[in-house]
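Novice: Input target-v4.csv, format and content: CSV, C-alpha atoms and all ligand atoms.
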```csv
chain,number,residue,atom,x,y,z
A,1,MET,CA,251.9,-20.4,42.5
A,2,ALA,CA,249.7,-22.8,44.4
A,3,LEU,CA,246.0,-21.9,44.3
A,4,ARG,CA,244.5,-19.6,41.8
A,5,VAL,CA,240.8,-18.7,41.9
A,6,SER,CA,239.3,-16.6,39.1
A,7,GLY,CA,235.8,-15.2,38.5
A,8,LEU,CA,234.4,-17.6,41.1
A,9,SER,CA,230.6,-17.4,41.9
A,10,VAL,CA,228.5,-19.8,43.9
A,11,ARG,CA,224.8,-19.6,43.9
A,12,TYR,CA,222.2,-21.2,46.1
A,13,GLY,CA,219.0,-20.8,44.0
A,14,ALA,CA,218.3,-17.0,44.0
A,15,VAL,CA,221.1,-16.3,46.6
A,16,THR,CA,224.5,-15.4,45.2
A,17,ALA,CA,226.7,-16.4,48.1
A,18,VAL,CA,230.0,-15.8,46.3
A,19,SER,CA,230.2,-13.3,43.5
A,20,ASP,CA,233.0,-13.0,41.0
A,21,VAL,CA,235.9,-13.5,43.3
A,22,ASP,CA,239.6,-13.6,42.2
A,23,PHE,CA,242.6,-14.4,44.4
A,24,GLU,CA,245.8,-16.4,44.6
A,25,VAL,CA,247.5,-18.2,47.5
A,26,ALA,CA,251.2,-18.8,47.1
A,27,ASP,CA,253.1,-21.8,48.3
A,28,GLY,CA,253.6,-21.5,52.1
A,29,GLU,CA,251.2,-18.6,52.4
A,30,VAL,CA,248.4,-18.2,54.8
A,31,LEU,CA,245.4,-16.2,53.6
A,32,ALA,CA,242.5,-15.3,56.0
A,33,LEU,CA,239.0,-14.6,54.7
A,34,LEU,CA,237.6,-12.1,57.1
A,35,GLY,CA,234.0,-10.8,57.0
A,36,PRO,CA,230.7,-10.5,58.8
A,37,SER,CA,228.3,-13.4,59.2
A,38,GLY,CA,226.7,-14.5,56.0
A,39,CYS,CA,229.2,-12.7,53.7
A,40,GLY,CA,230.1,-16.0,51.9
A,41,LYS,CA,233.4,-17.0,53.6
A,42,SER,CA,232.4,-20.6,54.3
A,43,THR,CA,230.8,-21.1,50.9
A,44,LEU,CA,234.0,-19.9,49.2
A,45,LEU,CA,236.1,-22.3,51.4
A,46,ARG,CA,233.7,-25.2,50.6
A,47,ALA,CA,234.0,-24.4,46.9
A,48,VAL,CA,237.8,-24.6,47.1
A,49,ALA,CA,237.5,-27.9,49.0
A,50,GLY,CA,235.1,-29.3,46.3
A,51,LEU,CA,232.1,-29.4,48.6
A,52,GLU,CA,230.2,-26.8,46.6
A,53,SER,CA,229.9,-26.5,42.8
A,54,PRO,CA,230.7,-23.1,41.4
A,55,SER,CA,228.1,-21.5,39.1
A,56,ALA,CA,230.9,-19.7,37.3
A,57,GLY,CA,234.7,-19.3,37.4
A,58,GLU,CA,237.7,-21.5,37.9
A,59,ILE,CA,239.7,-23.0,40.7
A,60,ARG,CA,243.2,-24.1,39.7
A,61,TRP,CA,245.9,-25.9,41.8
A,62,ASP,CA,249.4,-25.6,40.4
A,63,GLY,CA,247.8,-24.7,37.1
A,64,ALA,CA,245.5,-27.7,36.9
A,65,ASP,CA,241.7,-27.0,36.8
A,66,LEU,CA,240.0,-28.7,39.7
A,67,ALA,CA,236.4,-28.6,38.3
A,68,ARG,CA,236.4,-32.4,37.8
A,69,VAL,CA,238.6,-33.3,40.7
A,70,PRO,CA,236.5,-34.8,43.6
A,71,VAL,CA,237.0,-33.7,47.2
A,72,HIS,CA,239.2,-36.7,48.3
A,73,ARG,CA,241.5,-36.3,45.3
A,74,ARG,CA,242.4,-32.6,45.9
A,75,ARG,CA,244.7,-33.5,48.9
A,76,PHE,CA,243.3,-30.5,50.8
A,77,GLY,CA,242.8,-30.9,54.6
A,78,MET,CA,239.9,-29.3,56.4
A,79,VAL,CA,239.3,-28.3,60.0
A,80,PHE,CA,236.0,-27.0,61.1
A,81,GLN,CA,234.9,-25.1,64.2
A,82,ASP,CA,234.2,-28.3,66.1
A,83,GLY,CA,237.2,-30.5,65.1
A,84,GLN,CA,235.1,-33.7,65.1
A,85,LEU,CA,237.6,-36.2,66.4
A,86,PHE,CA,237.1,-40.0,66.0
A,87,PRO,CA,235.6,-40.6,69.5
A,88,HIS,CA,236.7,-44.3,69.6
A,89,ARG,CA,240.4,-43.6,68.9
A,90,ASP,CA,243.0,-42.1,71.2
A,91,VAL,CA,244.9,-38.9,70.4
A,92,ALA,CA,247.7,-40.7,68.5
A,93,GLY,CA,245.1,-42.7,66.6
A,94,ASN,CA,243.3,-39.6,65.5
A,95,VAL,CA,246.5,-37.7,64.5
A,96,GLU,CA,248.0,-40.6,62.6
A,97,PHE,CA,244.8,-41.3,60.7
A,98,GLY,CA,245.9,-39.4,57.5
A,99,LEU,CA,249.4,-40.9,57.7
A,100,ARG,CA,248.0,-44.4,57.9
A,101,MET,CA,245.8,-43.7,54.8
A,102,ARG,CA,248.9,-42.7,53.0
A,103,GLY,CA,250.7,-45.9,53.9
A,104,ALA,CA,253.3,-44.4,56.3
A,105,ASP,CA,255.1,-47.1,58.3
A,106,ARG,CA,254.7,-47.4,62.1
A,107,ALA,CA,258.0,-45.7,63.0
A,108,ARG,CA,257.3,-42.7,60.7
A,109,ARG,CA,253.8,-42.4,62.1
A,110,ARG,CA,255.0,-42.4,65.7
A,111,GLU,CA,257.7,-39.8,64.9
A,112,ARG,CA,255.3,-37.4,63.1
A,113,VAL,CA,252.6,-37.7,65.8
A,114,ALA,CA,255.1,-36.9,68.5
A,115,GLU,CA,256.5,-34.0,66.5
A,116,LEU,CA,253.0,-32.5,65.9
A,117,LEU,CA,251.8,-33.0,69.5
A,118,ALA,CA,255.0,-31.3,70.7
A,119,LEU,CA,254.4,-28.4,68.4
A,120,LEU,CA,250.9,-28.0,69.7
A,121,GLY,CA,251.9,-28.3,73.4
A,122,LEU,CA,250.4,-31.8,73.8
A,123,ASP,CA,253.5,-33.9,74.5
A,124,GLY,CA,252.6,-37.2,76.1
A,125,TYR,CA,248.9,-37.0,75.1
A,126,GLU,CA,249.2,-40.0,72.7
A,127,ARG,CA,247.2,-42.5,74.7
A,128,ARG,CA,244.5,-40.0,76.0
A,129,ARG,CA,241.0,-40.9,74.8
A,130,ALA,CA,239.5,-38.3,72.4
A,131,THR,CA,236.5,-38.1,74.7
A,132,GLU,CA,238.7,-37.1,77.6
A,133,LEU,CA,240.0,-33.8,76.2
A,134,SER,CA,239.0,-30.2,76.9
A,135,GLY,CA,237.6,-28.2,74.0
A,136,GLY,CA,241.0,-26.5,73.4
A,137,GLU,CA,242.9,-29.8,73.5
A,138,ALA,CA,240.5,-31.5,71.1
A,139,GLN,CA,240.8,-28.6,68.7
A,140,ARG,CA,244.6,-28.8,68.9
A,141,VAL,CA,244.4,-32.6,68.1
A,142,ALA,CA,242.1,-31.8,65.1
A,143,LEU,CA,244.7,-29.4,63.8
A,144,ALA,CA,247.5,-31.9,64.3
A,145,ARG,CA,245.4,-34.5,62.5
A,146,ALA,CA,244.9,-32.3,59.5
A,147,LEU,CA,248.6,-31.3,59.4
A,148,ALA,CA,249.7,-34.9,59.8
A,149,ALA,CA,248.1,-35.9,56.5
A,150,ASP,CA,250.5,-33.3,54.9
A,151,PRO,CA,247.8,-31.6,52.9
A,152,ALA,CA,248.8,-29.5,49.9
A,153,LEU,CA,246.4,-26.9,51.2
A,154,LEU,CA,244.9,-26.6,54.6
A,155,LEU,CA,241.3,-25.1,54.8
A,156,LEU,CA,240.3,-23.9,58.3
A,157,ASP,CA,236.8,-22.8,58.9
A,158,GLU,CA,236.5,-20.8,62.1
A,159,PRO,CA,239.0,-23.3,63.7
A,160,LEU,CA,239.1,-21.4,67.1
A,161,SER,CA,235.7,-19.9,67.4
A,162,ALA,CA,234.2,-22.6,69.7
A,163,LEU,CA,236.9,-21.8,72.3
A,164,ASP,CA,236.8,-19.2,75.1
A,165,ARG,CA,238.6,-15.9,74.5
A,166,THR,CA,241.8,-16.5,76.4
A,167,LEU,CA,242.2,-20.0,74.9
A,168,ARG,CA,241.4,-18.6,71.4
A,169,GLU,CA,244.1,-15.9,71.7
A,170,GLN,CA,246.7,-18.4,72.9
A,171,LEU,CA,245.8,-21.0,70.3
A,172,ALA,CA,245.9,-18.4,67.5
A,173,VAL,CA,249.5,-17.6,68.4
A,174,ASP,CA,250.3,-21.3,68.6
A,175,LEU,CA,248.6,-22.0,65.3
A,176,ALA,CA,250.4,-19.2,63.6
A,177,ARG,CA,253.7,-20.6,64.8
A,178,LEU,CA,252.7,-24.1,63.7
A,179,LEU,CA,251.7,-23.1,60.2
A,180,ALA,CA,255.0,-21.2,59.8
A,181,ALA,CA,257.1,-24.1,61.2
A,182,ASP,CA,255.3,-26.6,58.9
A,183,ASP,CA,255.5,-24.2,55.9
A,184,ALA,CA,251.8,-24.8,55.4
A,185,THR,CA,249.7,-23.3,52.7
A,186,ALA,CA,246.4,-22.4,54.2
A,187,ILE,CA,243.1,-20.5,54.0
A,188,VAL,CA,241.5,-19.6,57.3
A,189,VAL,CA,237.9,-18.4,57.5
A,190,THR,CA,237.2,-16.2,60.5
A,191,HIS,CA,235.0,-13.3,61.6
A,192,ASP,CA,237.5,-12.4,64.3
A,193,HIS,CA,239.9,-9.6,63.3
A,194,ASP,CA,242.6,-10.5,65.8
A,195,GLU,CA,242.6,-14.1,64.7
A,196,ALA,CA,242.9,-13.1,61.0
A,197,PHE,CA,245.7,-10.6,61.7
A,198,THR,CA,247.6,-13.1,63.9
A,199,LEU,CA,247.4,-16.0,61.5
A,200,ALA,CA,247.6,-14.6,58.1
A,201,ASP,CA,250.2,-13.3,55.7
A,202,ARG,CA,247.4,-11.6,53.8
A,203,VAL,CA,243.8,-10.9,54.7
A,204,ALA,CA,240.9,-10.8,52.3
A,205,ILE,CA,238.1,-8.6,53.5
A,206,MET,CA,234.8,-10.0,52.3
A,207,THR,CA,231.3,-8.5,52.3
A,208,GLY,CA,228.2,-9.5,50.4
A,209,GLY,CA,230.0,-12.3,48.6
A,210,ARG,CA,232.7,-10.0,47.2
A,211,PHE,CA,236.3,-9.3,48.0
A,212,ARG,CA,236.7,-5.7,49.0
A,213,GLN,CA,240.5,-5.7,49.7
A,214,VAL,CA,243.2,-8.3,49.9
A,215,ASP,CA,246.4,-7.0,51.7
A,216,THR,CA,248.9,-7.6,54.4
A,217,PRO,CA,247.6,-7.0,57.9
A,218,GLN,CA,249.7,-3.9,58.2
A,219,ARG,CA,248.5,-2.4,54.8
A,220,LEU,CA,244.9,-3.2,55.7
A,221,TRP,CA,245.3,-1.5,59.1
A,222,GLN,CA,246.9,1.6,57.8
A,223,HIS,CA,245.3,1.9,54.3
A,224,PRO,CA,241.8,0.5,54.1
A,225,ALA,CA,240.6,0.8,50.5
A,226,ASP,CA,237.4,2.6,51.3
A,227,GLU,CA,235.1,3.7,54.1
A,228,GLU,CA,233.3,0.4,54.3
A,229,VAL,CA,236.5,-1.5,54.9
A,230,ALA,CA,237.7,1.2,57.3
A,231,THR,CA,234.5,0.9,59.3
A,232,PHE,CA,234.7,-2.9,59.3
A,233,LEU,CA,238.3,-2.6,60.6
A,234,GLY,CA,237.2,-0.5,63.6
A,235,CYS,CA,237.3,3.1,62.3
A,236,THR,CA,234.4,4.9,64.0
A,237,ALA,CA,234.8,8.3,62.4
A,238,VAL,CA,236.0,9.5,59.0
A,239,LEU,CA,237.4,13.0,58.8
A,240,PRO,CA,238.5,15.1,55.9
A,241,ALA,CA,242.2,16.1,56.1
A,242,GLU,CA,244.8,18.1,54.1
A,243,VAL,CA,248.2,16.6,53.6
A,244,ARG,CA,251.3,18.8,53.5
A,245,GLY,CA,254.8,17.4,53.5
A,246,GLY,CA,253.9,14.1,55.0
A,247,THR,CA,251.6,15.5,57.7
A,248,ALA,CA,247.8,15.2,57.5
A,249,THR,CA,245.8,17.8,59.4
A,250,CYS,CA,242.2,17.3,60.3
A,251,ALA,CA,239.8,19.0,62.7
A,252,LEU,CA,241.3,17.1,65.7
A,253,GLY,CA,245.0,17.7,64.9
A,254,ALA,CA,247.8,16.4,62.8
A,255,VAL,CA,249.4,13.0,62.2
A,256,PRO,CA,252.3,11.8,60.0
A,257,VAL,CA,251.1,10.0,56.9
A,258,ALA,CA,252.8,8.5,53.8
A,259,ALA,CA,250.7,10.3,51.2
A,260,PRO,CA,251.2,13.0,48.6
A,261,ASP,CA,250.1,16.6,49.3
A,262,GLY,CA,246.4,17.3,48.8
A,263,PRO,CA,243.1,16.3,50.3
A,264,ALA,CA,242.8,13.0,52.1
A,265,ARG,CA,240.4,11.1,54.4
A,266,LEU,CA,241.4,9.8,57.8
A,267,GLY,CA,239.7,6.9,59.6
A,268,LEU,CA,239.8,7.3,63.3
A,269,ARG,CA,239.6,4.3,65.6
A,270,ALA,CA,238.9,4.9,69.3
A,271,SER,CA,242.5,3.9,70.0
A,272,GLY,CA,243.6,6.7,67.7
A,273,VAL,CA,241.9,9.4,69.8
A,274,ARG,CA,243.4,9.7,73.3
A,275,ALA,CA,241.4,11.6,75.9
A,276,GLU,CA,243.2,13.3,78.8
A,277,PRO,CA,241.4,14.9,81.7
A,278,ASP,CA,242.0,18.7,81.3
A,279,ALA,CA,240.0,21.4,83.0
A,280,ALA,CA,240.7,23.7,80.0
A,281,GLY,CA,239.8,21.0,77.4
A,282,ALA,CA,237.0,21.6,74.9
A,283,GLY,CA,235.7,18.1,74.9
A,284,VAL,CA,233.1,16.7,77.3
A,285,VAL,CA,232.7,13.0,78.1
A,286,ARG,CA,229.2,11.8,77.3
A,287,GLU,CA,229.6,8.0,77.8
A,288,ARG,CA,232.1,5.8,79.5
A,289,VAL,CA,232.6,2.0,79.4
A,290,HIS,CA,235.3,0.0,81.0
A,291,ARG,CA,237.1,-2.4,78.5
A,292,HIS,CA,239.7,-5.0,79.5
A,293,ASP,CA,242.8,-2.8,79.3
A,294,HIS,CA,241.4,0.7,78.8
A,295,VAL,CA,238.4,3.0,79.2
A,296,ARG,CA,236.3,3.7,76.1
A,297,LEU,CA,234.7,7.1,76.0
A,298,THR,CA,232.2,9.0,73.7
A,299,VAL,CA,233.3,12.6,73.7
A,300,GLU,CA,231.4,15.7,72.4
A,301,THR,CA,233.8,18.3,71.0
A,302,PRO,CA,233.1,21.6,69.3
A,303,GLU,CA,235.5,20.7,66.4
A,304,LEU,CA,233.1,17.9,65.2
A,305,PRO,CA,229.4,17.7,64.4
A,306,GLU,CA,229.1,14.2,65.9
A,307,PRO,CA,230.5,12.8,69.2
A,308,VAL,CA,233.7,10.8,68.7
A,309,GLU,CA,234.9,7.5,70.2
A,310,ALA,CA,238.1,7.9,72.3
A,311,THR,CA,240.1,5.9,74.8
A,312,ALA,CA,241.6,6.9,78.2
A,313,ARG,CA,244.0,5.2,80.5
A,314,THR,CA,242.2,3.3,83.2
A,315,ALA,CA,244.1,4.9,86.1
A,316,THR,CA,243.3,8.5,85.1
A,317,ALA,CA,240.1,8.0,83.1
A,318,PRO,CA,237.6,11.0,83.3
A,319,GLY,CA,234.0,10.5,84.3
A,320,VAL,CA,230.8,11.4,82.4
A,321,GLY,CA,230.5,15.2,82.2
A,322,ASP,CA,234.2,15.8,82.8
A,323,PRO,CA,236.2,18.1,80.4
A,324,VAL,CA,238.9,16.5,78.3
A,325,ARG,CA,241.6,17.3,75.8
A,326,LEU,CA,241.8,15.0,72.7
A,327,ASP,CA,245.2,14.0,71.2
A,328,LEU,CA,245.6,11.9,68.0
A,329,ASP,CA,247.7,8.7,68.2
A,330,PRO,CA,248.9,7.8,64.7
A,331,ASP,CA,248.9,4.1,65.5
A,332,GLY,CA,245.1,4.1,65.6
A,333,ILE,CA,244.5,6.2,62.5
A,334,ALA,CA,244.1,5.0,59.0
A,335,LEU,CA,244.6,6.7,55.7
A,336,ILE,CA,241.6,5.7,53.6
A,337,GLY,CA,241.9,4.9,49.9
B,1,LIG,N1,223.1,-24.6,51.6
B,1,LIG,C1,222.6,-23.3,51.5
B,1,LIG,N2,221.5,-23.1,50.8
B,1,LIG,C2,221.0,-21.8,50.6
B,1,LIG,N3,221.7,-20.7,51.0
B,1,LIG,C3,222.8,-20.9,51.7
B,1,LIG,C4,223.4,-22.2,51.9
B,1,LIG,N4,224.5,-22.0,52.6
B,1,LIG,C5,224.7,-20.7,52.7
B,1,LIG,N5,223.7,-20.0,52.2
B,1,LIG,C6,223.6,-18.5,52.1
B,1,LIG,O1,224.7,-18.0,51.4
B,1,LIG,C7,225.2,-16.9,52.1
B,1,LIG,C8,226.7,-17.1,52.5
B,1,LIG,O2,226.7,-18.0,53.5
B,1,LIG,P1,228.1,-18.5,54.2
B,1,LIG,O3,227.8,-19.6,55.2
B,1,LIG,O4,229.1,-18.8,53.1
B,1,LIG,O5,228.6,-17.2,54.9
B,1,LIG,P2,229.7,-17.0,56.1
B,1,LIG,O6,230.3,-15.7,55.7
B,1,LIG,O7,230.5,-18.2,56.2
B,1,LIG,O8,228.8,-16.8,57.3
B,1,LIG,P3,229.0,-17.3,58.9
B,1,LIG,O9,230.2,-16.6,59.4
B,1,LIG,O10,227.8,-16.9,59.6
B,1,LIG,O11,229.3,-18.8,58.8
B,1,LIG,C9,224.3,-16.5,53.2
B,1,LIG,O12,223.3,-15.6,52.7
B,1,LIG,C10,223.6,-17.9,53.5
B,1,LIG,O13,222.3,-17.7,54.0
```
Could you rewrite the structure in this file as structure tokens?
Ligand SMILES: Nc1ncnc2c1ncn2[C@@H]1O[C@H](COP(=O)(O)OP(=O)(O)OP(=O)(O)O)[C@@H](O)[C@H]1O

Specialist:
Amino acid sequence: MALRVSGLSVRYGAVTAVSDVDFEVADGEVLALLGPSGCGKSTLLRAVAGLESPSAGEIRWDGADLARVPVHRRRFGMVFQDGQLFPHRDVAGNVEFGLRMRGADRARRRERVAELLALLGLDGYERRRATELSGGEAQRVALARALAADPALLLLDEPLSALDRTLREQLAVDLARLLAADDATAIVVTHDHDEAFTLADRVAIMTGGRFRQVDTPQRLWQHPADEEVATFLGCTAVLPAEVRGGTATCALGAVPVAAPDGPARLGLRASGVRAEPDAAGAGVVRERVHRHDHVRLTVETPELPEPVEATARTATAPGVGDPVRLDLDPDGIALIG
């Protein structure tokens, strides 16, 4: 067991930013803190780093209480949204900073810098000036610098959010690979679902200063603990269902589920409701928006009191006013609770 946080609260005057939070991060594990703006993610990360004082609770590392251990003695590395490189040093100088602090000799420093730059796709960048890097390159160097210091725990606060979408998606995959290759123990704060799911072994969903659910990405996706978590994870409708022999039947159809017989609630994401143009279909398209790889529809259907969000294939997408048939896709449907 590496990090254990118990009963942690952090207050700023009358505001309770983090409220009675418990969690553990095992050795070599990556935990993502995912939640909307203002839910307390950064405050929690800063408390673990030692930058905020808890008003209650404990933070332990390998069993030892960190309450009286100052930031620089925790051996935790931090990377923020804007990596903040040393502008007067070149890339190698930035990356080897932590190694130098720890007294690593020149050959060892050179070897580790080259290894990390290669892992991050920056081979040969050693002598580039920090001020001559693109945003994506600079953030990669900031990550390499944090990892070079071989921190016991890596704390990443929105490390990719300053980058554009394509770069962010690419770097999230690279970073996931890097953290695994380095066997790093890390906490990543993000408000981006894809980023959390790409990077983390487990994801903690946080709202209003509290943890709502901590689970693997797959469990979270398939079994959100309650309607609030389901909605946060993209479910746009919740329908009552009846389970019989591993099949849940709701007003729009049936899907296989791993649940005992009896009543259940299904969370429907737009991706779980497929609309096909069908002259005999009971649904009618009310809105249509083009997304990057599909068309998103709002469909009115006699089975439901409210219109439902659905997706259609770009090539055959129906227009507003067209009749459609709705089919359920189990991949986009969650069993709540
Ligand atoms: N230094 C501070 N003084 C007073 N209140 C603060 C301070 N820092 C944060 N807060 C408040 O604490 C709450 C949690 O803030 P925090 O920055 O931890 O949220 P967050 O989830 O990281 O949000 P974001 O994603 O927008 O950065 C918010 O209500 C915020 O206004």

Novice: Of the candidates A:Ala146, A:Leu8, A:Val308, A:Val71, which one gets nearest to Gly40 in chain A if we count only C-alpha atoms?

Specialist: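 Closest to Gly40 in chain A, using only C-alpha atoms: A:Leu8.
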
Novice: I'd like the contact shell of Ala64 in chain A - 12 Å cut-off, only C-alpha atoms, skipping same-chain residues fewer than 6 positions apart - returned as number ranges by chain.

Specialist: A: 1-5, 58, 74

Novice: Which polymer residues have any atom within 12 Å of an atom of Thr198 in chain A, counting all atoms listed in the file, with same-chain residues fewer than 6 positions away left out, as a VMD selection string?

Specialist: chain A and resid 30 to 32 168 to 177 179 to 180 188 190 192 216 to 218

Novice: Which chains and residue numbers are within 6 Å of ligand LIG 1 (chain B), counting only C-alpha atoms and all ligand atoms, if I want them as a PyMOL selection string?

Specialist: chain A and resi 12+17+37-43

Novice: Find the distance between CA of Arg128 in chain A and CA of Ala184 in chain A and write it in Å to one decimal.

Specialist: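 The value is 26.6 Å.
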
Novice: In Å to one decimal, how far is CA of Gln222 in chain A from CA of Leu268 in chain A?

Specialist: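 Interatomic distance here is 10.6 Å.
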
Novice: Would you work out the distance separating CA of Phe80 in chain A from CA of Arg100 in chain A, expressed in Å to one decimal?

Specialist: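 Going from CA of Phe80 in chain A over to CA of Arg100 in chain A covers 21.4 Å.
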
Novice: Excluding same-chain residues fewer than 3 positions from range 160-164 of chain A, what lies within 7 Å of it counting all atoms listed in the file, as a CSV table (one decimal) with C-alpha atoms, in the coordinates of the input?

Specialist:
```csv
chain,number,residue,atom,x,y,z
A,81,GLN,CA,234.9,-25.1,64.2
A,82,ASP,CA,234.2,-28.3,66.1
A,135,GLY,CA,237.6,-28.2,74.0
A,136,GLY,CA,241.0,-26.5,73.4
A,167,LEU,CA,242.2,-20.0,74.9
A,168,ARG,CA,241.4,-18.6,71.4
```

Novice: Measuring between all atoms listed in the file, which one of A:Ala49, A:Pro151, A:Ser55, A:Ala67 shows the shortest distance to Gly7 in chain A?

Specialist: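 So, comparing all the options, the nearest one is A:Ser55.
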
Novice: Measuring atom to atom with all atoms listed in the file, identify which of A:Ala282, A:Leu335, A:Glu126, A:Cys235 is nearest to Val95 in chain A.

Specialist: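 Among the listed residues, the smallest separation from Val95 in chain A belongs to A:Glu126.
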
Novice: Using all atoms listed in the file, pick whichever of A:Leu99, A:Ala114, A:Leu297, A:Ala186 has the shortest atom-to-atom distance to Ala26 in chain A.

Specialist: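 So, comparing all the options, the nearest one is A:Ala186.
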
Novice: Name all residues at most 7 Å from Val10 in chain A (count only C-alpha atoms; drop same-chain ones fewer than 5 positions away) and give them as a PDB file with C-alpha atoms, in the frame of the given file.

Specialist:
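Output contents, as saved in out24.pdb:
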```
ATOM      1  CA  THR A  16     224.500 -15.400  45.200  1.00  0.00           C
ATOM      2  CA  ALA A  17     226.700 -16.400  48.100  1.00  0.00           C
ATOM      3  CA  VAL A  18     230.000 -15.800  46.300  1.00  0.00           C
ATOM      4  CA  SER A  19     230.200 -13.300  43.500  1.00  0.00           C
ATOM      5  CA  SER A  53     229.900 -26.500  42.800  1.00  0.00           C
ATOM      6  CA  PRO A  54     230.700 -23.100  41.400  1.00  0.00           C
ATOM      7  CA  SER A  55     228.100 -21.500  39.100  1.00  0.00           C
TER       8      SER A  55
END
```

Novice: Just the residues within 8 Å of Pro277 in chain A, please, counting all atoms listed in the file, with nothing from its chain fewer than 4 positions along; format it as number ranges by chain.

Specialist: A: 281, 316-318, 322-325

Novice: Nearest to Gly321 in chain A: which of A:Arg140, A:Arg296, A:Arg11, A:Arg286 is it, counting all atoms listed in the file?

Specialist: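 Of the candidates, the smallest distance to Gly321 in chain A is held by A:Arg286.
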
Novice: With distances taken over only C-alpha atoms, which of A:Glu242, A:Asp194, A:Asp331, A:Glu300 is nearest to Arg269 in chain A?

Specialist: A:Asp331

Novice: At most 12 Å from (227.6, 11.4, 70.1), file frame, all atoms listed in the file: which residues, as a PyMOL selection string?

Specialist: chain A and resi 236-237+283-288+297-302+304-310

Novice: Kindly complete range 199-213 of chain A to N, CA and C atoms; the output should be written as a PDB file, keeping the file's coordinate frame.

Specialist:
```pdb
ATOM      1  N   LEU A 199     247.059 -14.788  62.299  1.00  0.00           N
ATOM      2  CA  LEU A 199     247.400 -16.000  61.500  1.00  0.00           C
ATOM      3  C   LEU A 199     247.893 -15.752  60.138  1.00  0.00           C
ATOM      4  N   ALA A 200     247.432 -14.687  59.505  1.00  0.00           N
ATOM      5  CA  ALA A 200     247.600 -14.600  58.100  1.00  0.00           C
ATOM      6  C   ALA A 200     248.730 -13.760  57.574  1.00  0.00           C
ATOM      7  N   ASP A 201     249.290 -14.161  56.439  1.00  0.00           N
ATOM      8  CA  ASP A 201     250.200 -13.300  55.700  1.00  0.00           C
ATOM      9  C   ASP A 201     249.480 -12.191  55.021  1.00  0.00           C
ATOM     10  N   ARG A 202     248.321 -12.582  54.443  1.00  0.00           N
ATOM     11  CA  ARG A 202     247.400 -11.600  53.800  1.00  0.00           C
ATOM     12  C   ARG A 202     246.008 -11.884  54.262  1.00  0.00           C
ATOM     13  N   VAL A 203     245.221 -10.828  54.309  1.00  0.00           N
ATOM     14  CA  VAL A 203     243.800 -10.900  54.700  1.00  0.00           C
ATOM     15  C   VAL A 203     242.934 -10.437  53.612  1.00  0.00           C
ATOM     16  N   ALA A 204     241.904 -11.222  53.272  1.00  0.00           N
ATOM     17  CA  ALA A 204     240.900 -10.800  52.300  1.00  0.00           C
ATOM     18  C   ALA A 204     239.670 -10.323  53.064  1.00  0.00           C
ATOM     19  N   ILE A 205     239.276  -9.068  52.878  1.00  0.00           N
ATOM     20  CA  ILE A 205     238.100  -8.600  53.500  1.00  0.00           C
ATOM     21  C   ILE A 205     236.903  -8.843  52.572  1.00  0.00           C
ATOM     22  N   MET A 206     235.894  -9.558  53.090  1.00  0.00           N
ATOM     23  CA  MET A 206     234.800 -10.000  52.300  1.00  0.00           C
ATOM     24  C   MET A 206     233.475  -9.432  52.819  1.00  0.00           C
ATOM     25  N   THR A 207     232.657  -8.822  51.958  1.00  0.00           N
ATOM     26  CA  THR A 207     231.300  -8.500  52.300  1.00  0.00           C
ATOM     27  C   THR A 207     230.386  -8.785  51.163  1.00  0.00           C
ATOM     28  N   GLY A 208     229.182  -9.217  51.450  1.00  0.00           N
ATOM     29  CA  GLY A 208     228.200  -9.500  50.400  1.00  0.00           C
ATOM     30  C   GLY A 208     228.687 -10.342  49.265  1.00  0.00           C
ATOM     31  N   GLY A 209     229.498 -11.357  49.582  1.00  0.00           N
ATOM     32  CA  GLY A 209     230.000 -12.300  48.600  1.00  0.00           C
ATOM     33  C   GLY A 209     231.127 -11.821  47.728  1.00  0.00           C
ATOM     34  N   ARG A 210     231.584 -10.577  47.976  1.00  0.00           N
ATOM     35  CA  ARG A 210     232.700 -10.000  47.200  1.00  0.00           C
ATOM     36  C   ARG A 210     233.910  -9.720  48.011  1.00  0.00           C
ATOM     37  N   PHE A 211     235.076  -9.747  47.370  1.00  0.00           N
ATOM     38  CA  PHE A 211     236.300  -9.300  48.000  1.00  0.00           C
ATOM     39  C   PHE A 211     236.379  -7.785  47.926  1.00  0.00           C
ATOM     40  N   ARG A 212     236.616  -7.129  49.039  1.00  0.00           N
ATOM     41  CA  ARG A 212     236.700  -5.700  49.000  1.00  0.00           C
ATOM     42  C   ARG A 212     238.186  -5.231  48.994  1.00  0.00           C
ATOM     43  N   GLN A 213     239.045  -6.006  49.652  1.00  0.00           N
ATOM     44  CA  GLN A 213     240.500  -5.700  49.700  1.00  0.00           C
ATOM     45  C   GLN A 213     241.240  -6.906  50.128  1.00  0.00           C
TER      46      GLN A 213
END
```
